[in-house]
Amino acid sequence: MTPSEEVAIGFAGERGGVDTHPQTGVVAAIDGEFFLDDGVKGGREAARLLLEAYLEQGDRIEPPQGCFASAIWDPRTRQLVLVSDRYGHRPLWTASIDGAFVVAGELKGLIAAGLEPRIDVQGWAEFLAYESALLEHPVLEGTRLLPPAAALVAGADGKERIHQRWEYRLQPESDLDEREFVEEFGRLLDLAVARRLSPDTALALSGGLDSRSVASVLLSRAPGLPALTWGAPGSADLELGTKIAAAAGLQHRRRPFERGYIAARAPESVWLTEGDSRCFHVHLGYARELRETDGARSLLISIGGDHLVRSIGGPLATGGPLAEPLAFHGWRAKCVKDELLDDLMTPQFADELRGRARTAMLAALAEQEGDSLARIRHLIFKCQPRKIWSQVNLFADDLAPRDPFDDHDLVEHCRRMPERFRRDAVVQRVYLRQFPALARVPNATGGLAPGLRGTRERLAVHLKRNRDRLERRLTRNRSMARQGIGDYAADLRHGGLLALLLEPRTLERGQLRKEGVRRLIDETLALRERHTMALGVLVTFELFQRQFVDGDGEPLSAPGSTEVIAA
């Protein structure tokens, strides 16, 4: 939108749509989908629903639930209204470029429109510490990310205002009955999956509790649905996901990682996630093949369960002193830790970064409500789209991502969960006992079958602790990946990806200290230490600068797309 009030609005991709109201001239464009009781709505039908909601409610619009980014032009008020989904899963970036207000679903769109790309030191200070920028903090100067559950109204006079329509808040009720709560959880999960099912849907199936819970619904809703499990050969996810698929009767595909898969896919990962995800997290890119092998056009993926249904470790599991703001910063800053800053960064760049992440974390926690633990849960829930959900961009151009654990009704139900239900994944373990074949398979995280209870469960916990202690002693200086999806340190020995951190082009930026970075690389490749988190964010940072700031652009292997919503 320019001072002359010329407006262009549209979408790019398979799931977008535009609709116009002939009487008023109001135009609505959407990129994404709505999830309703009568099924998934996309394309022009979704744009029509958005337009109807706007004409009825105005710029304080409450759109249907879904995964989308949208823009509405109202010629009556000469206003552009940008609307994000409740969780901010499909981003909307804005910038002022040559006097024009420009909006795009990707940073690539803003650069293509003329934005001069420069790194935002604050955003990258947070990424280097936490593996993600906090909240809406940008990674490019001069850009702004629309918050989740928000409507931004931009007038032709240059004035802007934001309406925030929802915010995640825990409201635990201590007197809830476990059996009744789990029964309602199952009912709402069933509805959440049903709202996201279509004939061309597939399932991302790991060895964990979340996708297993979704698979339990598919037993009756969509028997024989295609499912894909990926992981390093011999990894827990690959082996247990295969067992779960057999128990659920799904049409299953296994995808073992090829040797050197991280180095081969990391540049593409940075290009598609645009600096919102550590580039070693390339795994979701394997889902793209479901389009060719099974004709899938959408994917059920269980990303939201971690922070919605249970405690996931650290301060979130223990509370107490570890949940205090400074202690939480120390626990959360697992990548370039405070004590590594001077070792890995040049003095000038270290001074630029120093304290920025910690200060931003403390400020963000102070803005939340409740006790220390509640504040942490609120913040992590809000940051999840930047840190985790952004990885769906590795397949979103081919498959529409749909997460049942983002369902509005299910989220509202779980907000009431007392803390005792969150510990040890109580709700999901009790729920899965209704499906004995699924409950007998151990969980990839923890290694215990959800169906265990009483003495058998206590004995299994005791045996597992002893087994873990023995394995830690035996594998202290060796790489044996049998947990999760794979072993980053072992795979990075192939492909030469880490060498780019020592290239002249990288060091000439004046950001990294050659000696400190070389030490981390040598120790990791020799499997003496595992510095994969620190090295992962450093490689991501360098690849981002090459692709987005230097102008190298799209890697040869990346499909990529630029989705401009409005300009």
# chains A, B, ... in the order shown; residues from 1 in each chain; ligands from 1
$ residues_around --residues "region 308-322 of chain A" --least-positions-apart "4" --cutoff "6 Å" --atoms "only C-alpha atoms" --output "JSON, numbers by chain"
{"A": [327, 373, 422, 423, 425]}
$ closest_atom_pairs --of "region 361-419 of chain A" --to "region 344-357 of chain A" --cutoff "10 Å" --atoms "only C-alpha atoms" --output "Markdown table"
| residue | atom | partner | partner_atom | distance |
| --- | --- | --- | --- | --- |
| A:Met361 | CA | A:Ala357 | CA | 6.1 |
| A:Leu362 | CA | A:Ala357 | CA | 8.7 |
| A:Ala363 | CA | A:Ala357 | CA | 9.9 |
$ closest_atom_pairs --of "region 143-216 of chain A" --to "region 91-110 of chain A" --cutoff "7 Å" --atoms "only C-alpha atoms" --output "tab-separated table"
residue	atom	partner	partner_atom	distance
A:Thr143	CA	A:Ala95	CA	4.9
A:Arg144	CA	A:Thr94	CA	5.2
A:Leu145	CA	A:Trp93	CA	4.7
A:Leu146	CA	A:Leu92	CA	5.6
$ write_last_selection --atoms "C-alpha atoms" --output "mmCIF file, in the first residue's frame"
data_model
loop_
_atom_site.group_PDB
_atom_site.id
_atom_site.type_symbol
_atom_site.label_atom_id
_atom_site.label_comp_id
_atom_site.auth_asym_id
_atom_site.auth_seq_id
_atom_site.Cartn_x
_atom_site.Cartn_y
_atom_site.Cartn_z
ATOM 1 C CA THR A 143 10.851 -6.012 9.509
ATOM 2 C CA ARG A 144 8.025 -6.840 11.891
ATOM 3 C CA LEU A 145 6.160 -10.080 12.506
ATOM 4 C CA LEU A 146 2.436 -9.925 13.161
#
$ residues_around --residues "region 212-226 of chain A" --least-positions-apart "4" --cutoff "7 Å" --atoms "only C-alpha atoms" --output "compact mmCIF listing (two decimals) with N, CA and C atoms, in the first residue's frame"
# COMPACT_ATOMS: atom_id res chain seq x y z
N ASP A 190 -10.69 -36.64 19.14
CA ASP A 190 -11.39 -37.24 18.01
C ASP A 190 -11.98 -36.16 17.09
N ALA A 202 -2.27 -37.66 5.06
CA ALA A 202 -1.35 -38.68 5.56
C ALA A 202 -0.97 -38.30 6.99
N LEU A 203 -0.23 -39.18 7.65
CA LEU A 203 0.15 -38.98 9.06
C LEU A 203 1.66 -39.06 9.21
N GLY A 208 6.50 -41.47 19.50
CA GLY A 208 6.06 -40.78 20.70
C GLY A 208 4.58 -40.92 20.97
N ILE A 244 4.07 -49.07 15.99
CA ILE A 244 2.79 -48.38 16.21
C ILE A 244 1.94 -48.44 14.95
N ALA A 248 -1.77 -50.03 14.59
CA ALA A 248 -2.90 -49.19 14.18
C ALA A 248 -3.43 -49.57 12.80
N GLY A 249 -2.79 -50.49 12.12
CA GLY A 249 -3.25 -50.91 10.80
C GLY A 249 -3.10 -49.84 9.74
N LEU A 250 -2.06 -49.01 9.87
CA LEU A 250 -1.85 -47.93 8.91
C LEU A 250 -1.02 -48.42 7.72
N GLN A 251 -1.20 -47.76 6.60
CA GLN A 251 -0.38 -48.03 5.41
C GLN A 251 0.95 -47.33 5.61
N HIS A 252 1.96 -48.06 6.01
CA HIS A 252 3.16 -47.45 6.58
C HIS A 252 4.34 -47.42 5.62
N LEU A 432 -4.45 -43.82 26.27
CA LEU A 432 -4.01 -44.87 25.35
C LEU A 432 -4.28 -46.27 25.87
$ select_by_dssp --residues "region 353-555 of chain A" --states "helix (DSSP H, G or I)" --output "ChimeraX atom specification"
/A:353,356-366,372-387,389-394,404-406,408-415,419-432,436-439,454-474,488-491,497-502,504-507,514-525,532-549
$ atom_distance --atom1 "CA of Gly285 (chain A)" --atom2 "CA of Val537 (chain A)"
18.7 Å
$ closest_atom_pairs --of "region 22-60 of chain A" --to "region 161-174 of chain A" --cutoff "12 Å" --atoms "only C-alpha atoms" --output "CSV"
residue,atom,partner,partner_atom,distance
A:Gly58,CA,A:His163,CA,11.4
A:Asp59,CA,A:His163,CA,8.2
A:Arg60,CA,A:His163,CA,6.6
$ atom_distance --atom1 "CA of Ala149 (chain A)" --atom2 "CA of Tyr87 (chain A)"
6.3 Å
$ residues_around --residues "Arg429 (chain A)" --least-positions-apart "3" --cutoff "8 Å" --atoms "only C-alpha atoms" --output "ChimeraX atom specification"
/A:209,425-426,432-433,439,450-451
$ select_by_dssp --residues "region 18-96 of chain A" --states "strand (DSSP E or B)" --output "ChimeraX atom specification"
/A:18-20,27-36,39-42,66-74,79-84,93-96
